[in-house]
>>> print(open('my_file.txt').read())   # compact mmCIF, C-alpha atoms
# COMPACT_ATOMS: atom_id res chain seq x y z
CA TYR K 1 -5.62 41.27 -55.64
CA LEU K 2 -5.82 43.87 -58.41
CA PHE K 3 -9.61 44.02 -58.17
CA LYS K 4 -9.39 44.28 -54.36
CA ARG K 5 -6.86 47.11 -54.64
CA GLY K 6 -8.98 48.86 -57.24
CA MET K 7 -12.04 48.64 -55.02
CA ASP K 8 -10.00 49.97 -52.09
CA ILE K 9 -8.84 53.01 -54.08
CA VAL K 10 -12.32 53.88 -55.36
CA LEU K 11 -14.18 53.36 -52.06
CA SER K 12 -11.52 55.08 -49.93
CA ALA K 13 -11.54 58.09 -52.27
CA ILE K 14 -15.34 58.30 -52.01
CA ALA K 15 -15.13 57.96 -48.20
CA LEU K 16 -12.49 60.69 -47.90
CA ILE K 17 -14.59 63.08 -49.99
CA ALA K 18 -17.68 62.28 -47.89
CA LEU K 19 -15.73 62.81 -44.65
CA ALA K 20 -14.34 66.19 -45.70
CA PRO K 21 -17.36 68.25 -44.48
CA VAL K 22 -17.64 66.49 -41.08
CA THR K 23 -13.93 66.19 -40.24
CA PRO K 24 -13.67 69.86 -39.08
CA LEU K 25 -16.62 69.30 -36.71
CA ILE K 26 -15.03 66.18 -35.23
CA ALA K 27 -11.71 68.01 -34.98
CA LEU K 28 -13.38 70.90 -33.15
CA ALA K 29 -15.02 68.54 -30.65
CA ILE K 30 -11.67 66.83 -29.95
CA ALA K 31 -9.88 70.18 -29.55
CA ILE K 32 -12.50 71.57 -27.17
CA ASP K 33 -12.54 68.41 -25.05
CA SER K 34 -8.78 68.08 -24.50
CA ARG K 35 -5.50 69.67 -25.44
CA GLY K 36 -3.38 68.07 -28.12
CA PRO K 37 -3.43 67.15 -31.81
CA VAL K 38 -6.64 66.12 -33.53
CA PHE K 39 -5.05 63.09 -35.20
CA PHE K 40 -3.10 60.25 -33.62
CA ARG K 41 -0.43 58.42 -35.61
CA GLN K 42 0.81 55.04 -34.44
CA VAL K 43 3.24 52.55 -35.92
CA ARG K 44 1.50 49.34 -36.99
CA VAL K 45 2.67 46.28 -38.91
CA GLY K 46 1.27 45.62 -42.37
CA ARG K 47 1.67 43.09 -45.14
CA ASP K 48 4.88 41.03 -45.01
CA GLY K 49 5.90 42.72 -41.74
CA ARG K 50 6.25 46.20 -43.25
CA GLU K 51 5.70 48.96 -40.70
CA PHE K 52 3.57 52.03 -41.42
CA ARG K 53 2.01 54.91 -39.50
CA MET K 54 -1.72 54.37 -39.01
CA LEU K 55 -3.93 57.44 -38.74
CA LYS K 56 -6.83 57.83 -36.29
CA PHE K 57 -8.77 60.59 -34.60
CA ARG K 58 -7.18 61.09 -31.18
CA THR K 59 -9.33 59.56 -28.44
CA MET K 60 -6.86 59.57 -25.54
CA SER K 61 -4.87 62.09 -23.55
CA THR K 62 -1.56 63.09 -25.11
CA ASP K 63 0.41 61.22 -22.41
CA ALA K 64 -1.42 57.94 -23.05
CA GLU K 65 1.68 56.03 -24.20
CA GLU K 66 3.68 57.15 -21.14
CA ARG K 67 0.88 55.99 -18.78
CA LEU K 68 0.57 52.55 -20.37
CA ASP K 69 3.09 50.81 -18.10
CA ASP K 70 1.09 51.85 -15.03
CA LEU K 71 -2.03 50.17 -16.42
CA LEU K 72 -0.58 46.87 -17.71
CA ALA K 73 -1.47 45.00 -14.52
CA ALA K 74 -5.16 45.81 -15.08
CA ASN K 75 -5.17 44.61 -18.71
CA GLU K 76 -8.49 43.06 -19.80
CA GLY K 77 -7.38 42.35 -23.34
CA ALA K 78 -6.83 38.93 -24.90
CA GLY K 79 -3.34 37.56 -25.52
CA PRO K 80 -0.86 40.37 -26.31
CA LEU K 81 -3.70 42.88 -26.86
CA PHE K 82 -4.07 45.64 -24.26
CA LYS K 83 -7.65 46.72 -23.51
CA LEU K 84 -9.44 48.34 -20.58
CA LYS K 85 -13.20 48.83 -20.60
CA SER K 86 -12.76 51.90 -18.38
CA ASP K 87 -9.40 53.17 -19.60
CA PRO K 88 -8.72 56.44 -17.71
CA ARG K 89 -6.68 57.76 -20.64
CA ILE K 90 -9.71 57.99 -22.95
CA THR K 91 -11.28 61.44 -23.26
CA ARG K 92 -15.02 62.15 -23.08
CA VAL K 93 -15.28 62.76 -26.83
CA GLY K 94 -12.92 59.85 -27.43
CA ARG K 95 -15.29 57.45 -25.70
CA ILE K 96 -18.06 58.38 -28.15
CA LEU K 97 -15.75 58.19 -31.17
CA ARG K 98 -14.59 54.72 -30.11
CA LYS K 99 -18.07 53.41 -29.40
CA TYR K 100 -19.20 54.11 -32.97
CA SER K 101 -15.77 53.45 -34.59
CA ILE K 102 -15.63 57.07 -35.79
CA ASP K 103 -12.00 57.27 -34.64
CA GLU K 104 -11.09 54.71 -37.34
CA LEU K 105 -12.40 56.76 -40.27
CA PRO K 106 -9.09 58.58 -41.04
CA GLN K 107 -7.67 55.16 -41.90
CA PHE K 108 -9.31 55.51 -45.29
CA TRP K 109 -6.22 57.62 -46.04
CA ASN K 110 -4.03 54.61 -45.17
CA VAL K 111 -6.20 52.53 -47.52
CA PHE K 112 -5.88 55.08 -50.32
CA LYS K 113 -2.07 55.09 -49.89
CA GLY K 114 -1.92 51.28 -49.96
CA ASP K 115 -0.81 50.64 -46.37
CA MET K 116 -4.16 49.05 -45.55
CA SER K 117 -7.24 47.57 -47.17
CA ILE K 118 -10.85 48.32 -46.27
CA VAL K 119 -11.28 44.67 -45.25
CA GLY K 120 -8.54 42.60 -43.67
CA PRO K 121 -7.04 41.45 -40.36
CA ARG K 122 -6.71 43.98 -37.54
CA PRO K 123 -3.43 45.96 -37.93
CA PRO K 124 -1.16 44.81 -35.07
CA LEU K 125 1.36 46.76 -33.03
CA PRO K 126 5.05 45.80 -33.39
CA ARG K 127 5.12 44.50 -29.79
CA GLU K 128 2.18 42.22 -30.58
CA VAL K 129 3.95 40.82 -33.66
CA ASN K 130 7.02 40.09 -31.51
CA GLU K 131 4.85 37.65 -29.54
CA TYR K 132 3.53 35.79 -32.59
CA SER K 133 4.23 32.08 -32.75
CA GLY K 134 3.19 29.17 -34.95
CA THR K 135 0.77 30.07 -37.72
CA VAL K 136 -0.21 33.47 -36.28
CA GLY K 137 2.26 35.20 -38.60
CA ARG K 138 0.07 34.23 -41.57
CA ARG K 139 -2.21 37.15 -40.75
CA LEU K 140 0.56 39.35 -42.22
CA TYR K 141 0.22 37.72 -45.66
CA ILE K 142 -2.22 40.44 -46.76
CA ASN K 143 -2.85 44.10 -45.96
CA PRO K 144 -4.55 44.78 -42.61
CA GLY K 145 -8.03 46.26 -42.77
CA ILE K 146 -10.19 48.96 -41.25
CA THR K 147 -12.78 46.27 -40.73
CA GLY K 148 -12.88 42.49 -40.89
CA LEU K 149 -14.39 39.38 -39.38
CA TRP K 150 -13.02 40.45 -35.97
CA GLN K 151 -14.83 43.79 -36.25
CA ILE K 152 -18.23 42.24 -36.95
CA SER K 153 -17.94 39.27 -34.56
CA GLY K 154 -17.50 40.82 -31.13
CA ARG K 155 -14.28 42.83 -31.32
CA SER K 156 -12.75 43.25 -27.86
CA ASP K 157 -15.14 40.70 -26.34
CA LEU K 158 -13.40 37.91 -28.28
CA SER K 159 -10.58 35.80 -26.87
CA TRP K 160 -7.12 35.98 -28.46
CA GLU K 161 -7.62 32.52 -29.98
CA GLU K 162 -11.00 33.51 -31.46
CA SER K 163 -9.55 36.72 -32.94
CA ILE K 164 -6.64 34.88 -34.55
CA SER K 165 -8.94 32.15 -35.88
CA LEU K 166 -11.16 34.73 -37.58
CA ASP K 167 -8.17 36.58 -39.06
CA LEU K 168 -6.59 33.40 -40.44
CA ARG K 169 -9.94 32.23 -41.84
CA TYR K 170 -10.20 35.52 -43.72
CA VAL K 171 -6.59 35.42 -44.97
CA GLU K 172 -7.04 31.90 -46.35
CA ASN K 173 -10.53 32.32 -47.82
CA TRP K 174 -11.06 35.98 -48.72
CA SER K 175 -13.02 36.98 -51.81
CA LEU K 176 -14.54 40.19 -53.17
CA THR K 177 -17.98 38.83 -52.29
CA SER K 178 -16.96 38.23 -48.67
CA ASP K 179 -15.41 41.72 -48.54
CA LEU K 180 -18.70 43.30 -49.63
CA MET K 181 -20.59 41.21 -47.05
CA ILE K 182 -18.21 42.28 -44.27
CA MET K 183 -18.54 45.95 -45.30
CA TRP K 184 -22.33 45.71 -45.16
CA ARG K 185 -22.28 44.01 -41.76
CA THR K 186 -19.80 46.61 -40.47
CA VAL K 187 -22.33 49.39 -41.19
CA LYS K 188 -24.90 47.49 -39.12
CA VAL K 189 -22.41 46.93 -36.26
CA MET K 190 -21.50 50.64 -36.19
CA ALA K 191 -25.19 51.50 -35.80
CA SER K 192 -25.51 49.05 -32.88
CA PRO K 193 -21.98 48.65 -31.47
CA SER K 194 -20.88 45.74 -29.29
CA GLY K 195 -17.44 45.07 -27.86
CA ALA K 196 -16.17 48.54 -28.77
CA TYR K 197 -14.12 50.22 -26.04
>>> encode(input="my_file.txt", output="structure tokens")
Amino acid sequence: YLFKRGMDIVLSAIALIALAPVTPLIALAIAIDSRGPVFFRQVRVGRDGREFRMLKFRTMSTDAEERLDDLLAANEGAGPLFKLKSDPRITRVGRILRKYSIDELPQFWNVFKGDMSIVGPRPPLPREVNEYSGTVGRRLYINPGITGLWQISGRSDLSWEESISLDLRYVENWSLTSDLMIMWRTVKVMASPSGAY
């Protein structure tokens, strides 16, 4: 765990420095495309059930949370996950950011702070955790990640059972070698995205 945390600190610091020159350009594109803040902060659940505010580039309209109830009947997500391939709340720039996972890059700040790890299970929403049963809660034994087996294995195209199986497999068998392999495969997935919406 100490080596994993050390790697997270070093790599997230490098990533944040590398992102510094391009962040203003992304911010400008978001601001021109739609009114509202550049960043989106959302409460997620981390290790041992501890809540934190996850940071992302904003990809939806500012009233996205208020419009959610009207879209629940059209949910295409698996299990308690909410997903729509053609979500009307997503902005034009947001659709591009999501396709290439650019919206996730500010989460390196969450990694640097210790809320997240670079590799780990997908960070769930509190309402998703409220629906956990059986062994699903084991995915909270370690820090959630920016990327993980879910990210490189189909993402939103996976069923709920497949997503949970991948997360639990990682939690029970993670290693620094597997983390490096997942990071490398994530770069390849970002270049040729699948299941990202």
>>> atom_distance(input="my_file.txt", atom1="atom CA of K:Leu55", atom2="atom CA of K:Asp115")
10.7 Å
>>> residues_around(input="my_file.txt", residues="stretch 20-23 of chain K", least_positions_apart="3", cutoff="12 Å", atoms="all atoms listed in the file", output="list in words")
Ala13, Ile14, Ala15, Leu16, Ile17, Ile26, Ala27, Leu28, Ala29, Ile30, Val38, Phe39, Lys56, Phe57, Ile102, Asp103, Leu105, Pro106, Phe108 and Trp109 of chain K
>>> write_last_selection(input="my_file.txt", atoms="C-alpha atoms", output="PDB file, in the coordinates of the input")
ATOM      1  CA  ALA K  13     -11.540  58.090 -52.270  1.00  0.00           C
ATOM      2  CA  ILE K  14     -15.340  58.300 -52.010  1.00  0.00           C
ATOM      3  CA  ALA K  15     -15.130  57.960 -48.200  1.00  0.00           C
ATOM      4  CA  LEU K  16     -12.490  60.690 -47.900  1.00  0.00           C
ATOM      5  CA  ILE K  17     -14.590  63.080 -49.990  1.00  0.00           C
ATOM      6  CA  ILE K  26     -15.030  66.180 -35.230  1.00  0.00           C
ATOM      7  CA  ALA K  27     -11.710  68.010 -34.980  1.00  0.00           C
ATOM      8  CA  LEU K  28     -13.380  70.900 -33.150  1.00  0.00           C
ATOM      9  CA  ALA K  29     -15.020  68.540 -30.650  1.00  0.00           C
ATOM     10  CA  ILE K  30     -11.670  66.830 -29.950  1.00  0.00           C
ATOM     11  CA  VAL K  38      -6.640  66.120 -33.530  1.00  0.00           C
ATOM     12  CA  PHE K  39      -5.050  63.090 -35.200  1.00  0.00           C
ATOM     13  CA  LYS K  56      -6.830  57.830 -36.290  1.00  0.00           C
ATOM     14  CA  PHE K  57      -8.770  60.590 -34.600  1.00  0.00           C
ATOM     15  CA  ILE K 102     -15.630  57.070 -35.790  1.00  0.00           C
ATOM     16  CA  ASP K 103     -12.000  57.270 -34.640  1.00  0.00           C
ATOM     17  CA  LEU K 105     -12.400  56.760 -40.270  1.00  0.00           C
ATOM     18  CA  PRO K 106      -9.090  58.580 -41.040  1.00  0.00           C
ATOM     19  CA  PHE K 108      -9.310  55.510 -45.290  1.00  0.00           C
ATOM     20  CA  TRP K 109      -6.220  57.620 -46.040  1.00  0.00           C
TER      21      TRP K 109
END
>>> atom_distance(input="my_file.txt", atom1="atom CA of K:Ser133", atom2="atom CA of K:Leu72")
21.6 Å
>>> residues_around(input="my_file.txt", residues="K:Gly6", least_positions_apart="5", cutoff="12 Å", atoms="all atoms listed in the file", output="JSON, numbers by chain")
{"K": [1, 11, 12, 13, 111, 112, 113, 114, 117, 118, 176]}
>>> atom_distance(input="my_file.txt", atom1="atom CA of K:Tyr100", atom2="atom CA of K:Met190")
5.3 Å
>>> closest_residue(input="my_file.txt", among="K:Pro123, K:Lys4, K:Lys99, K:Ala31", to="K:Val43", atoms="only C-alpha atoms")
K:Pro123
>>> residues_around(input="my_file.txt", residues="K:Ile90", least_positions_apart="3", cutoff="9 Å", atoms="only C-alpha atoms", output="PyMOL selection string")
chain K and resi 59-61+64+86-87+93-95
>>> axis_aligned_box(input="my_file.txt", around="stretch 47-59 of chain K", padding_each_side="6 Å", output="JSON")
{"center_x": -1.5, "center_y": 51.1, "center_z": -36.8, "size_x": 27.6, "size_y": 32.1, "size_z": 28.7}
>>> decode(input="my_file.txt", residues="stretch 105-124 of chain K", atoms="N, CA and C atoms", output="mmCIF file, in the first residue's frame")
data_model
loop_
_atom_site.group_PDB
_atom_site.id
_atom_site.type_symbol
_atom_site.label_atom_id
_atom_site.label_comp_id
_atom_site.auth_asym_id
_atom_site.auth_seq_id
_atom_site.Cartn_x
_atom_site.Cartn_y
_atom_site.Cartn_z
ATOM 1 N N LEU K 105 -9.571 13.840 -16.221
ATOM 2 C CA LEU K 105 -8.195 14.223 -15.897
ATOM 3 C C LEU K 105 -8.047 15.054 -14.610
ATOM 4 N N PRO K 106 -8.996 15.950 -14.264
ATOM 5 C CA PRO K 106 -8.837 16.680 -12.993
ATOM 6 C C PRO K 106 -8.815 15.776 -11.758
ATOM 7 N N GLN K 107 -9.218 14.524 -11.919
ATOM 8 C CA GLN K 107 -9.209 13.606 -10.778
ATOM 9 C C GLN K 107 -7.797 13.273 -10.305
ATOM 10 N N PHE K 108 -6.801 13.649 -11.090
ATOM 11 C CA PHE K 108 -5.431 13.492 -10.596
ATOM 12 C C PHE K 108 -5.226 14.320 -9.332
ATOM 13 N N TRP K 109 -6.009 15.396 -9.172
ATOM 14 C CA TRP K 109 -5.949 16.177 -7.939
ATOM 15 C C TRP K 109 -6.493 15.364 -6.770
ATOM 16 N N ASN K 110 -7.588 14.613 -7.013
ATOM 17 C CA ASN K 110 -8.127 13.730 -5.979
ATOM 18 C C ASN K 110 -7.116 12.645 -5.603
ATOM 19 N N VAL K 111 -6.368 12.172 -6.602
ATOM 20 C CA VAL K 111 -5.333 11.161 -6.342
ATOM 21 C C VAL K 111 -4.227 11.771 -5.492
ATOM 22 N N PHE K 112 -3.780 12.953 -5.869
ATOM 23 C CA PHE K 112 -2.702 13.618 -5.133
ATOM 24 C C PHE K 112 -3.099 13.848 -3.672
ATOM 25 N N LYS K 113 -4.364 14.203 -3.437
ATOM 26 C CA LYS K 113 -4.864 14.445 -2.084
ATOM 27 C C LYS K 113 -5.027 13.155 -1.285
ATOM 28 N N GLY K 114 -5.193 12.027 -1.977
ATOM 29 C CA GLY K 114 -5.370 10.757 -1.278
ATOM 30 C C GLY K 114 -6.790 10.237 -1.256
ATOM 31 N N ASP K 115 -7.733 10.959 -1.886
ATOM 32 C CA ASP K 115 -9.116 10.490 -1.963
ATOM 33 C C ASP K 115 -9.248 9.300 -2.904
ATOM 34 N N MET K 116 -8.399 9.279 -3.939
ATOM 35 C CA MET K 116 -8.466 8.250 -4.967
ATOM 36 C C MET K 116 -7.079 7.708 -5.244
ATOM 37 N N SER K 117 -7.050 6.654 -6.055
ATOM 38 C CA SER K 117 -5.802 6.106 -6.569
ATOM 39 C C SER K 117 -5.867 6.214 -8.089
ATOM 40 N N ILE K 118 -4.745 6.099 -8.765
ATOM 41 C CA ILE K 118 -4.796 6.108 -10.228
ATOM 42 C C ILE K 118 -5.540 4.880 -10.723
ATOM 43 N N VAL K 119 -5.297 3.728 -10.100
ATOM 44 C CA VAL K 119 -5.965 2.481 -10.478
ATOM 45 C C VAL K 119 -6.790 1.978 -9.307
ATOM 46 N N GLY K 120 -8.033 1.608 -9.589
ATOM 47 C CA GLY K 120 -8.911 1.092 -8.547
ATOM 48 C C GLY K 120 -10.316 0.923 -9.083
ATOM 49 N N PRO K 121 -11.257 0.519 -8.248
ATOM 50 C CA PRO K 121 -12.653 0.398 -8.679
ATOM 51 C C PRO K 121 -13.228 1.764 -9.037
ATOM 52 N N ARG K 122 -14.268 1.782 -9.841
ATOM 53 C CA ARG K 122 -14.933 3.033 -10.196
ATOM 54 C C ARG K 122 -15.524 3.670 -8.939
ATOM 55 N N PRO K 123 -15.337 4.995 -8.732
ATOM 56 C CA PRO K 123 -15.875 5.648 -7.527
ATOM 57 C C PRO K 123 -17.399 5.765 -7.585
ATOM 58 N N PRO K 124 -18.125 5.112 -6.693
ATOM 59 C CA PRO K 124 -19.591 5.102 -6.774
ATOM 60 C C PRO K 124 -20.231 6.332 -6.142
#
